[in-house]
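Here is the structure we will look at.
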Protein chains: 2
Amino acid sequence: MSIDHRSGCPINLSLEVFGDRWSLIILRDMIFGGKRHFRDLLNGSLERIASNILADRLKRLMELGMLTRADDPTHKQKAIYSLTEMAITLVPILAHLGAWGRVWLPVSEELSIRAELLEKGGPPMWEKFMDELRHEHLGTPSDTPPDATVRATLQAGYEAVVARKAAGAGCDAGA
Amino acid sequence: MSIDHRSGCPINLSLEVFGDRWSLIILRDMIFGGKRHFRDLLNGSLERIASNILADRLKRLMELGMLTRADDPTHKQKAIYSLTEMAITLVPILAHLGAWGRVWLPVSEELSIRAELLEKGGPPMWEKFMDELRHEHLGTPSDTPPDATVRATLQAGYEAVVARKAAGAGCDAGA
DNA sequence: GCAAACCGATTGCATTTCGCAATCAGTTGC
DNA sequence: GCAACTGATTGCGAAATGCAATCGGTTTGC
């Protein structure tokens, strides 16, 4: 507890929360990938986080109030991690971050389609997505059918790109 | 060149650019504080960056295409750092980051008034601010009078809070 | 002219964090 | 019973960070 902050500036304090190379990656996988278990996060992401770093960041994000942890009733050792409202409201920031990266950095097509769809959807889509996350992680009621979720839409876009690239390319279409 | 990236995900690539504790602080001071010289950045910010870290980050941000460096004609040793378009387009991200921090973190009132004004101004204000930065750093034409700039507006808001707090409190208003 | 202040860094060094591999104790499926 | 899986933990070399002192050169004050 009682971290001594460098300053009371909002941007600085935000950086003190997730100004490192892994915290936002974990939150990204939970938000967009629907990952909720330690092993999912460990093995699921492309960036190959180390298990000690993952354990440290999960603990830290819990202390900061971004995540909660609960026992999984189906498995005595499993833990389910949930996003808090504090983490769910990062969606617009992640959307902007993805949009910026898509313009300025060497993103791959299949991994940036989600960012593109989220950018085009704009704030209304972000709000809908946040409501879905609240339903999923906080148990609030929702009237969105499971096949019309924002996450399903993003996933469908991703798979369409993957399918198109696989079909259209003889060999090195990745270049 | 040719950094080997962890993945082609836009969010990951963005984090590889400024996923550390200092890069965005430096850009914040250049964007909102108008700092353009090494010493300004070294002594000006509240977070007290070390000179070797500052030198390293300036170099890194130049290599990444976020900053450029030019000789100052008024002083043979002075260097002027300028934002590139790539850095200027971070304004919406910084605005969201400030807005999020203001809600969830223990920000100080005088340092968060800028974030509040920027949030209330919304995208139109961000666009105006980016145009001003383009004029200031890239030399593009601008028709905004110097006393009506977004930065001046934010600064006036800051000073108003400082003045109010100083007036209302007897002695140690800084606390 | 000459010393003091200032300019953008650089160096050395102790501390902390990172990243990787191996491993742990307990749980489940079969 | 045993292999696979659960959320972690440990050890250790490498890298980053933070701090203070310093560098060679430039400008300012007088």
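In the structure tokens, chains take letters A, B, ... by order of appearance, with residues numbered from 1 within each chain and ligands from 1 in the order shown.
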Distance cut-off 8 Å, counting only C-alpha atoms (C1' of nucleotides) - which residues of chain C neighbour chain B? Return them as an mmCIF file with all heavy atoms, in the first residue's frame.
```
data_model
loop_
_atom_site.group_PDB
_atom_site.id
_atom_site.type_symbol
_atom_site.label_atom_id
_atom_site.label_comp_id
_atom_site.auth_asym_id
_atom_site.auth_seq_id
_atom_site.Cartn_x
_atom_site.Cartn_y
_atom_site.Cartn_z
ATOM 1 P P DC C 7 20.591 26.852 -19.801
ATOM 2 O OP1 DC C 7 19.544 27.543 -20.586
ATOM 3 O OP2 DC C 7 20.218 26.019 -18.640
ATOM 4 O "O5'" DC C 7 21.455 25.959 -20.781
ATOM 5 C "C5'" DC C 7 21.741 26.432 -22.102
ATOM 6 C "C4'" DC C 7 22.542 25.410 -22.856
ATOM 7 O "O4'" DC C 7 23.880 25.349 -22.320
ATOM 8 C "C3'" DC C 7 22.022 23.992 -22.686
ATOM 9 O "O3'" DC C 7 21.008 23.749 -23.637
ATOM 10 C "C2'" DC C 7 23.266 23.161 -22.999
ATOM 11 C "C1'" DC C 7 24.422 24.081 -22.590
ATOM 12 N N1 DC C 7 25.164 23.651 -21.383
ATOM 13 C C2 DC C 7 26.339 22.916 -21.521
ATOM 14 O O2 DC C 7 26.721 22.627 -22.657
ATOM 15 N N3 DC C 7 27.009 22.534 -20.422
ATOM 16 C C4 DC C 7 26.550 22.877 -19.211
ATOM 17 N N4 DC C 7 27.254 22.481 -18.144
ATOM 18 C C5 DC C 7 25.354 23.624 -19.036
ATOM 19 C C6 DC C 7 24.687 23.989 -20.149
ATOM 20 P P DG C 8 20.005 22.544 -23.426
ATOM 21 O OP1 DG C 8 18.828 22.797 -24.283
ATOM 22 O OP2 DG C 8 19.845 22.352 -21.981
ATOM 23 O "O5'" DG C 8 20.803 21.296 -23.996
ATOM 24 C "C5'" DG C 8 21.205 21.285 -25.355
ATOM 25 C "C4'" DG C 8 22.229 20.194 -25.581
ATOM 26 O "O4'" DG C 8 23.273 20.317 -24.580
ATOM 27 C "C3'" DG C 8 21.672 18.768 -25.440
ATOM 28 O "O3'" DG C 8 22.339 17.928 -26.385
ATOM 29 C "C2'" DG C 8 22.077 18.397 -24.028
ATOM 30 C "C1'" DG C 8 23.437 19.080 -23.914
ATOM 31 N N9 DG C 8 23.812 19.358 -22.535
ATOM 32 C C8 DG C 8 23.021 19.899 -21.557
ATOM 33 N N7 DG C 8 23.628 20.017 -20.412
ATOM 34 C C5 DG C 8 24.891 19.511 -20.643
ATOM 35 C C6 DG C 8 25.996 19.367 -19.757
ATOM 36 O O6 DG C 8 26.065 19.671 -18.563
ATOM 37 N N1 DG C 8 27.112 18.806 -20.385
ATOM 38 C C2 DG C 8 27.134 18.429 -21.714
ATOM 39 N N2 DG C 8 28.282 17.910 -22.143
ATOM 40 N N3 DG C 8 26.113 18.564 -22.548
ATOM 41 C C4 DG C 8 25.024 19.107 -21.944
ATOM 42 P P DA C 9 21.737 16.413 -26.646
ATOM 43 O OP1 DA C 9 22.717 15.733 -27.512
ATOM 44 O OP2 DA C 9 20.352 16.558 -27.117
ATOM 45 O "O5'" DA C 9 21.683 15.703 -25.235
ATOM 46 C "C5'" DA C 9 22.379 14.468 -25.053
ATOM 47 C "C4'" DA C 9 23.795 14.694 -24.526
ATOM 48 O "O4'" DA C 9 23.745 15.558 -23.367
ATOM 49 C "C3'" DA C 9 24.497 13.439 -24.061
ATOM 50 O "O3'" DA C 9 25.369 12.974 -25.060
ATOM 51 C "C2'" DA C 9 25.226 13.834 -22.784
ATOM 52 C "C1'" DA C 9 24.910 15.323 -22.602
ATOM 53 N N9 DA C 9 24.617 15.664 -21.218
ATOM 54 C C8 DA C 9 23.426 16.078 -20.704
ATOM 55 N N7 DA C 9 23.453 16.344 -19.416
ATOM 56 C C5 DA C 9 24.782 16.090 -19.052
ATOM 57 C C6 DA C 9 25.469 16.180 -17.827
ATOM 58 N N6 DA C 9 24.875 16.570 -16.688
ATOM 59 N N1 DA C 9 26.772 15.858 -17.815
ATOM 60 C C2 DA C 9 27.346 15.470 -18.955
ATOM 61 N N3 DA C 9 26.804 15.347 -20.172
ATOM 62 C C4 DA C 9 25.507 15.676 -20.154
ATOM 63 P P DT C 10 25.707 11.449 -25.154
ATOM 64 O OP1 DT C 10 26.417 11.201 -26.436
ATOM 65 O OP2 DT C 10 24.469 10.730 -24.827
ATOM 66 O "O5'" DT C 10 26.753 11.188 -23.983
ATOM 67 C "C5'" DT C 10 27.971 11.927 -23.951
ATOM 68 C "C4'" DT C 10 28.770 11.529 -22.727
ATOM 69 O "O4'" DT C 10 28.202 12.152 -21.550
ATOM 70 C "C3'" DT C 10 28.805 10.024 -22.437
ATOM 71 O "O3'" DT C 10 30.160 9.650 -22.369
ATOM 72 C "C2'" DT C 10 28.085 9.870 -21.114
ATOM 73 C "C1'" DT C 10 28.247 11.237 -20.485
ATOM 74 N N1 DT C 10 27.185 11.654 -19.538
ATOM 75 C C2 DT C 10 27.516 11.953 -18.246
ATOM 76 O O2 DT C 10 28.641 11.858 -17.807
ATOM 77 N N3 DT C 10 26.455 12.363 -17.463
ATOM 78 C C4 DT C 10 25.138 12.511 -17.860
ATOM 79 O O4 DT C 10 24.286 12.892 -17.069
ATOM 80 C C5 DT C 10 24.865 12.182 -19.222
ATOM 81 C C7 DT C 10 23.461 12.296 -19.741
ATOM 82 C C6 DT C 10 25.878 11.778 -19.995
#
```
Which chain D residues are at most 10 Å from chain A (counting only C-alpha atoms (C1' of nucleotides)), as a tab-separated table (two decimals) with N, CA and C atoms (P, O5', C5', C4', C3', O3' and C1' of nucleotides), in the first residue's frame?
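Generated output (part_22.tsv):
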```
chain	number	residue	atom	x	y	z
D	5	DC	P	-2.00	-31.26	-20.78
D	5	DC	O5'	-2.57	-30.42	-19.55
D	5	DC	C5'	-3.86	-30.72	-19.02
D	5	DC	C4'	-4.06	-30.02	-17.70
D	5	DC	C3'	-3.67	-28.52	-17.70
D	5	DC	O3'	-4.79	-27.75	-17.31
D	5	DC	C1'	-2.87	-29.63	-15.78
D	6	DT	P	-4.71	-26.12	-17.38
D	6	DT	O5'	-4.61	-25.72	-15.86
D	6	DT	C5'	-5.76	-25.88	-15.01
D	6	DT	C4'	-5.39	-25.50	-13.59
D	6	DT	C3'	-4.60	-24.20	-13.46
D	6	DT	O3'	-5.49	-23.11	-13.47
D	6	DT	C1'	-3.73	-25.89	-12.02
D	7	DG	P	-4.99	-21.67	-13.94
D	7	DG	O5'	-4.27	-21.10	-12.65
D	7	DG	C5'	-5.02	-20.95	-11.45
D	7	DG	C4'	-4.06	-20.75	-10.29
D	7	DG	C3'	-3.29	-19.42	-10.33
D	7	DG	O3'	-3.19	-18.92	-8.99
D	7	DG	C1'	-1.76	-21.21	-10.28
D	8	DA	P	-2.53	-17.49	-8.67
D	8	DA	O5'	-1.14	-17.47	-9.44
D	8	DA	C5'	0.03	-17.04	-8.75
D	8	DA	C4'	0.83	-18.23	-8.27
D	8	DA	C3'	2.23	-17.88	-7.78
D	8	DA	O3'	2.24	-17.80	-6.38
D	8	DA	C1'	2.15	-19.93	-9.08
D	9	DT	P	3.27	-16.88	-5.63
D	9	DT	O5'	4.63	-17.71	-5.67
D	9	DT	C5'	4.67	-18.99	-5.07
D	9	DT	C4'	6.07	-19.58	-5.25
D	9	DT	C3'	7.22	-18.59	-4.95
D	9	DT	O3'	8.08	-19.23	-4.04
D	9	DT	C1'	7.52	-19.65	-7.05
D	10	DT	P	9.30	-18.38	-3.38
D	10	DT	O5'	10.59	-18.96	-4.13
D	10	DT	C5'	10.71	-20.36	-4.34
D	10	DT	C4'	11.96	-20.64	-5.15
D	10	DT	C3'	13.15	-19.68	-4.92
D	10	DT	O3'	14.32	-20.43	-4.71
D	10	DT	C1'	12.64	-19.84	-7.23
```
Enumerate, in order of chain and increasing residue number, the residues of chain B with an atom no farther than 7 Å from chain A, each with its shortest atom pair and distance in Å to one decimal, counting only C-alpha atoms, as JSON lines.
```
{"residue": "B:Arg6", "atom": "CA", "partner": "A:Glu47", "partner_atom": "CA", "distance": 5.2}
{"residue": "B:Ser7", "atom": "CA", "partner": "A:Glu47", "partner_atom": "CA", "distance": 6.1}
{"residue": "B:Gly8", "atom": "CA", "partner": "A:Val107", "partner_atom": "CA", "distance": 4.5}
{"residue": "B:Cys9", "atom": "CA", "partner": "A:Leu111", "partner_atom": "CA", "distance": 5.2}
{"residue": "B:Pro10", "atom": "CA", "partner": "A:Gly101", "partner_atom": "CA", "distance": 4.7}
{"residue": "B:Ile11", "atom": "CA", "partner": "A:Gly98", "partner_atom": "CA", "distance": 5.0}
{"residue": "B:Asn12", "atom": "CA", "partner": "A:Ile25", "partner_atom": "CA", "distance": 6.7}
{"residue": "B:Leu13", "atom": "CA", "partner": "A:Gly101", "partner_atom": "CA", "distance": 6.5}
{"residue": "B:Ser14", "atom": "CA", "partner": "A:Gly101", "partner_atom": "CA", "distance": 5.4}
{"residue": "B:Leu15", "atom": "CA", "partner": "A:Arg21", "partner_atom": "CA", "distance": 6.1}
{"residue": "B:Glu16", "atom": "CA", "partner": "A:Arg21", "partner_atom": "CA", "distance": 6.9}
{"residue": "B:Gly19", "atom": "CA", "partner": "A:Asp20", "partner_atom": "CA", "distance": 4.9}
{"residue": "B:Asp20", "atom": "CA", "partner": "A:Asp20", "partner_atom": "CA", "distance": 4.8}
{"residue": "B:Arg21", "atom": "CA", "partner": "A:Gly19", "partner_atom": "CA", "distance": 5.2}
{"residue": "B:Ile25", "atom": "CA", "partner": "A:Asn12", "partner_atom": "CA", "distance": 6.7}
{"residue": "B:Leu46", "atom": "CA", "partner": "A:Ser7", "partner_atom": "CA", "distance": 6.3}
{"residue": "B:Glu47", "atom": "CA", "partner": "A:Arg6", "partner_atom": "CA", "distance": 5.2}
{"residue": "B:Met86", "atom": "CA", "partner": "A:Trp104", "partner_atom": "CA", "distance": 6.7}
{"residue": "B:Ile93", "atom": "CA", "partner": "A:His96", "partner_atom": "CA", "distance": 6.0}
{"residue": "B:His96", "atom": "CA", "partner": "A:Ile93", "partner_atom": "CA", "distance": 6.1}
{"residue": "B:Leu97", "atom": "CA", "partner": "A:Ile11", "partner_atom": "CA", "distance": 5.9}
{"residue": "B:Gly98", "atom": "CA", "partner": "A:Pro10", "partner_atom": "CA", "distance": 4.9}
{"residue": "B:Gly101", "atom": "CA", "partner": "A:Pro10", "partner_atom": "CA", "distance": 4.7}
{"residue": "B:Arg102", "atom": "CA", "partner": "A:Pro10", "partner_atom": "CA", "distance": 5.6}
{"residue": "B:Trp104", "atom": "CA", "partner": "A:Met86", "partner_atom": "CA", "distance": 6.7}
{"residue": "B:Leu105", "atom": "CA", "partner": "A:Leu13", "partner_atom": "CA", "distance": 6.7}
{"residue": "B:Pro106", "atom": "CA", "partner": "A:Gly8", "partner_atom": "CA", "distance": 6.8}
{"residue": "B:Val107", "atom": "CA", "partner": "A:Gly8", "partner_atom": "CA", "distance": 4.5}
{"residue": "B:Ser108", "atom": "CA", "partner": "A:Gly8", "partner_atom": "CA", "distance": 4.8}
{"residue": "B:Leu111", "atom": "CA", "partner": "A:Cys9", "partner_atom": "CA", "distance": 5.1}
{"residue": "B:Ser112", "atom": "CA", "partner": "A:Pro10", "partner_atom": "CA", "distance": 6.0}
```
Print the selection's residues with N, CA and C atoms to a file, as a JSON list (two decimals), in the first residue's frame.
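The result, stored in part_31.json:
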```json
[["chain", "number", "residue", "atom", "x", "y", "z"],
["B", 6, "ARG", "N", 7.59, -8.03, -30.74],
["B", 6, "ARG", "CA", 6.98, -9.18, -30.08],
["B", 6, "ARG", "C", 5.80, -9.71, -30.86],
["B", 7, "SER", "N", 5.05, -8.80, -31.49],
["B", 7, "SER", "CA", 3.94, -9.19, -32.36],
["B", 7, "SER", "C", 3.52, -8.00, -33.19],
["B", 8, "GLY", "N", 2.68, -8.24, -34.18],
["B", 8, "GLY", "CA", 2.21, -7.16, -35.04],
["B", 8, "GLY", "C", 0.92, -6.53, -34.56],
["B", 9, "CYS", "N", 0.54, -6.81, -33.33],
["B", 9, "CYS", "CA", -0.67, -6.22, -32.76],
["B", 9, "CYS", "C", -0.47, -4.73, -32.50],
["B", 10, "PRO", "N", -1.43, -3.89, -32.94],
["B", 10, "PRO", "CA", -1.28, -2.44, -32.79],
["B", 10, "PRO", "C", -1.05, -2.01, -31.35],
["B", 11, "ILE", "N", -1.78, -2.62, -30.43],
["B", 11, "ILE", "CA", -1.63, -2.24, -29.03],
["B", 11, "ILE", "C", -0.25, -2.62, -28.52],
["B", 12, "ASN", "N", 0.21, -3.80, -28.89],
["B", 12, "ASN", "CA", 1.54, -4.22, -28.49],
["B", 12, "ASN", "C", 2.61, -3.31, -29.07],
["B", 13, "LEU", "N", 2.49, -2.98, -30.34],
["B", 13, "LEU", "CA", 3.49, -2.12, -30.97],
["B", 13, "LEU", "C", 3.49, -0.73, -30.35],
["B", 14, "SER", "N", 2.30, -0.23, -30.02],
["B", 14, "SER", "CA", 2.24, 1.06, -29.33],
["B", 14, "SER", "C", 2.95, 1.00, -28.00],
["B", 15, "LEU", "N", 2.75, -0.09, -27.28],
["B", 15, "LEU", "CA", 3.42, -0.24, -25.99],
["B", 15, "LEU", "C", 4.93, -0.33, -26.15],
["B", 16, "GLU", "N", 5.37, -0.93, -27.25],
["B", 16, "GLU", "CA", 6.80, -1.00, -27.47],
["B", 16, "GLU", "C", 7.39, 0.39, -27.70],
["B", 19, "GLY", "N", 5.68, 2.27, -23.93],
["B", 19, "GLY", "CA", 5.28, 1.48, -22.76],
["B", 19, "GLY", "C", 6.35, 1.50, -21.70],
["B", 20, "ASP", "N", 6.71, 2.68, -21.25],
["B", 20, "ASP", "CA", 7.66, 2.79, -20.15],
["B", 20, "ASP", "C", 7.27, 3.99, -19.31],
["B", 21, "ARG", "N", 8.01, 4.23, -18.27],
["B", 21, "ARG", "CA", 7.57, 5.24, -17.32],
["B", 21, "ARG", "C", 7.93, 6.66, -17.71],
["B", 25, "ILE", "N", 5.84, 10.97, -20.41],
["B", 25, "ILE", "CA", 6.04, 12.14, -19.56],
["B", 25, "ILE", "C", 6.76, 13.24, -20.34],
["B", 46, "LEU", "N", 7.61, 17.84, -12.85],
["B", 46, "LEU", "CA", 7.45, 17.53, -11.43],
["B", 46, "LEU", "C", 8.07, 16.19, -11.06],
["B", 47, "GLU", "N", 8.22, 15.33, -12.06],
["B", 47, "GLU", "CA", 8.61, 13.96, -11.74],
["B", 47, "GLU", "C", 10.11, 13.76, -11.66],
["B", 86, "MET", "N", 3.59, 12.24, -36.04],
["B", 86, "MET", "CA", 3.37, 10.99, -35.30],
["B", 86, "MET", "C", 3.14, 11.26, -33.81],
["B", 93, "ILE", "N", -5.04, 10.42, -27.35],
["B", 93, "ILE", "CA", -4.70, 9.39, -26.37],
["B", 93, "ILE", "C", -4.37, 10.03, -25.02],
["B", 96, "HIS", "N", -7.59, 11.12, -23.34],
["B", 96, "HIS", "CA", -8.30, 10.00, -22.73],
["B", 96, "HIS", "C", -7.59, 9.50, -21.47],
["B", 97, "LEU", "N", -6.27, 9.45, -21.57],
["B", 97, "LEU", "CA", -5.48, 8.99, -20.44],
["B", 97, "LEU", "C", -5.68, 9.91, -19.23],
["B", 98, "GLY", "N", -5.68, 11.20, -19.49],
["B", 98, "GLY", "CA", -5.90, 12.16, -18.42],
["B", 98, "GLY", "C", -7.30, 12.04, -17.85],
["B", 101, "GLY", "N", -7.44, 8.87, -15.71],
["B", 101, "GLY", "CA", -6.71, 9.05, -14.46],
["B", 101, "GLY", "C", -7.46, 9.94, -13.49],
["B", 102, "ARG", "N", -8.14, 10.93, -14.05],
["B", 102, "ARG", "CA", -8.87, 11.87, -13.21],
["B", 102, "ARG", "C", -10.02, 11.17, -12.47],
["B", 104, "TRP", "N", -10.13, 7.74, -11.75],
["B", 104, "TRP", "CA", -9.79, 6.56, -10.97],
["B", 104, "TRP", "C", -8.57, 6.71, -10.06],
["B", 105, "LEU", "N", -7.82, 7.76, -10.22],
["B", 105, "LEU", "CA", -6.57, 7.85, -9.46],
["B", 105, "LEU", "C", -6.53, 9.12, -8.61],
["B", 106, "PRO", "N", -5.69, 9.13, -7.59],
["B", 106, "PRO", "CA", -5.66, 10.26, -6.65],
["B", 106, "PRO", "C", -4.95, 11.48, -7.22],
["B", 107, "VAL", "N", -5.56, 12.07, -8.23],
["B", 107, "VAL", "CA", -4.95, 13.24, -8.87],
["B", 107, "VAL", "C", -5.08, 14.47, -7.97],
["B", 108, "SER", "N", -4.17, 15.41, -8.15],
["B", 108, "SER", "CA", -4.30, 16.68, -7.42],
["B", 108, "SER", "C", -5.13, 17.63, -8.26],
["B", 111, "LEU", "N", -3.40, 19.93, -10.88],
["B", 111, "LEU", "CA", -2.78, 19.26, -12.03],
["B", 111, "LEU", "C", -3.79, 18.56, -12.91],
["B", 112, "SER", "N", -5.02, 18.43, -12.44],
["B", 112, "SER", "CA", -6.00, 17.72, -13.24],
["B", 112, "SER", "C", -6.97, 18.66, -13.94]]
```
In a least-squares superposition of chain A on chain B that uses all C-alpha atoms paired in order, the RMSD is 0.9 Å
Would you pick out the contacts of Thr144 of chain B at 10 Å or less, using only C-alpha atoms (C1' of nucleotides), so that residues sharing its chain but fewer than 4 positions from it are not included, and give the list as a PyMOL selection string? chain B and resi 128+131-132+135+148-150
Using only C-alpha atoms, please write the residues we just selected to a file, as a short mmCIF file (atom, residue, chain, number, x, y, z; two decimals), in the first residue's frame.
```
data_model
loop_
_atom_site.label_atom_id
_atom_site.label_comp_id
_atom_site.auth_asym_id
_atom_site.auth_seq_id
_atom_site.Cartn_x
_atom_site.Cartn_y
_atom_site.Cartn_z
CA LYS B 128 -7.53 22.69 -32.62
CA ASP B 131 -3.27 22.31 -35.40
CA GLU B 132 -1.51 24.63 -33.00
CA HIS B 135 2.09 25.34 -36.44
CA ALA B 148 -6.54 32.21 -27.85
CA THR B 149 -4.56 29.01 -28.09
CA VAL B 150 -5.70 25.83 -26.42
#
```
Requested in this report: May I have the residues within 12 Å of DC30 of chain C as a list of chain:residue names, using only C-alpha atoms (C1' of nucleotides) and disregarding those fewer than 6 positions away in the same chain?
Outcome: D:DG1, D:DC2, D:DA3, D:DA4
So that I can see what lies close to segment 18-24 of chain C, please list as an NGL selection string the residues with an atom at most 9 Å from it, counting only C-alpha atoms (C1' of nucleotides) and leaving out residues fewer than 2 positions away in the same chain. (:A and (49-50 or 53)) or (:D and (8-11 or 14-16))
For this session: Once DSSP has gone over the backbone, tell me which residues of chain B are in strand (DSSP E), as a PyMOL selection string.
Result: chain B and resi 67-71+79-83
Write the residues of the selection above to a file with N, CA and C atoms, as a JSON list (two decimals), in the first residue's frame.
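Once written, part38.json looks like this:
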```json
[["chain", "number", "residue", "atom", "x", "y", "z"],
["B", 67, "LEU", "N", 10.26, 12.51, -32.62],
["B", 67, "LEU", "CA", 10.87, 13.82, -32.41],
["B", 67, "LEU", "C", 11.91, 14.08, -33.49],
["B", 68, "THR", "N", 12.17, 15.37, -33.70],
["B", 68, "THR", "CA", 13.33, 15.77, -34.49],
["B", 68, "THR", "C", 14.15, 16.77, -33.68],
["B", 69, "ARG", "N", 15.39, 16.92, -34.06],
["B", 69, "ARG", "CA", 16.29, 17.78, -33.32],
["B", 69, "ARG", "C", 16.91, 18.78, -34.28],
["B", 70, "ALA", "N", 17.01, 20.04, -33.86],
["B", 70, "ALA", "CA", 17.61, 21.06, -34.72],
["B", 70, "ALA", "C", 18.46, 22.00, -33.86],
["B", 71, "ASP", "N", 19.46, 22.60, -34.47],
["B", 71, "ASP", "CA", 20.28, 23.55, -33.74],
["B", 71, "ASP", "C", 19.48, 24.82, -33.47],
["B", 79, "ALA", "N", 19.94, 22.86, -28.44],
["B", 79, "ALA", "CA", 19.22, 22.05, -29.43],
["B", 79, "ALA", "C", 17.73, 22.25, -29.19],
["B", 80, "ILE", "N", 16.99, 22.35, -30.28],
["B", 80, "ILE", "CA", 15.53, 22.47, -30.19],
["B", 80, "ILE", "C", 14.92, 21.15, -30.64],
["B", 81, "TYR", "N", 14.10, 20.59, -29.78],
["B", 81, "TYR", "CA", 13.41, 19.36, -30.13],
["B", 81, "TYR", "C", 12.00, 19.69, -30.62],
["B", 82, "SER", "N", 11.62, 19.04, -31.69],
["B", 82, "SER", "CA", 10.28, 19.28, -32.25],
["B", 82, "SER", "C", 9.50, 17.98, -32.32],
["B", 83, "LEU", "N", 8.21, 18.10, -32.13],
["B", 83, "LEU", "CA", 7.30, 16.97, -32.29],
["B", 83, "LEU", "C", 7.08, 16.70, -33.76]]
```
Give me every alpha helix (DSSP H) residue in segment 16-169 of chain B, going by DSSP on the backbone, as JSON, numbers by chain. {"B": [16, 17, 18, 23, 24, 25, 26, 27, 28, 29, 30, 31, 38, 39, 40, 41, 42, 43, 44, 51, 52, 53, 54, 55, 56, 57, 58, 59, 60, 61, 62, 63, 85, 86, 87, 88, 91, 92, 93, 94, 95, 96, 97, 98, 99, 100, 101, 102, 103, 104, 109, 110, 111, 112, 113, 114, 115, 116, 117, 118, 119, 120, 121, 122, 123, 124, 125, 126, 127, 128, 129, 130, 131, 132, 133, 134, 135, 136, 137, 138, 150, 151, 152, 153, 154, 155, 156, 157, 158, 159, 160, 161, 162, 163, 164, 165, 166, 167, 168]}
Exercise for the section: Find the spatial neighbours of DC30 of chain D, counting only C-alpha atoms (C1' of nucleotides), within a cut-off of 12 Å - ignore same-chain residues fewer than 5 positions away - and output them as number ranges by chain. Expected result: C: 1-4
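You will find atom C1' of DT15 of chain C at 22.1 Å from atom CA of Leu42 of chain B.
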One decimal place gives the atom CA of Asp147 of chain B-atom CA of Glu127 of chain B separation as 17.4 Å
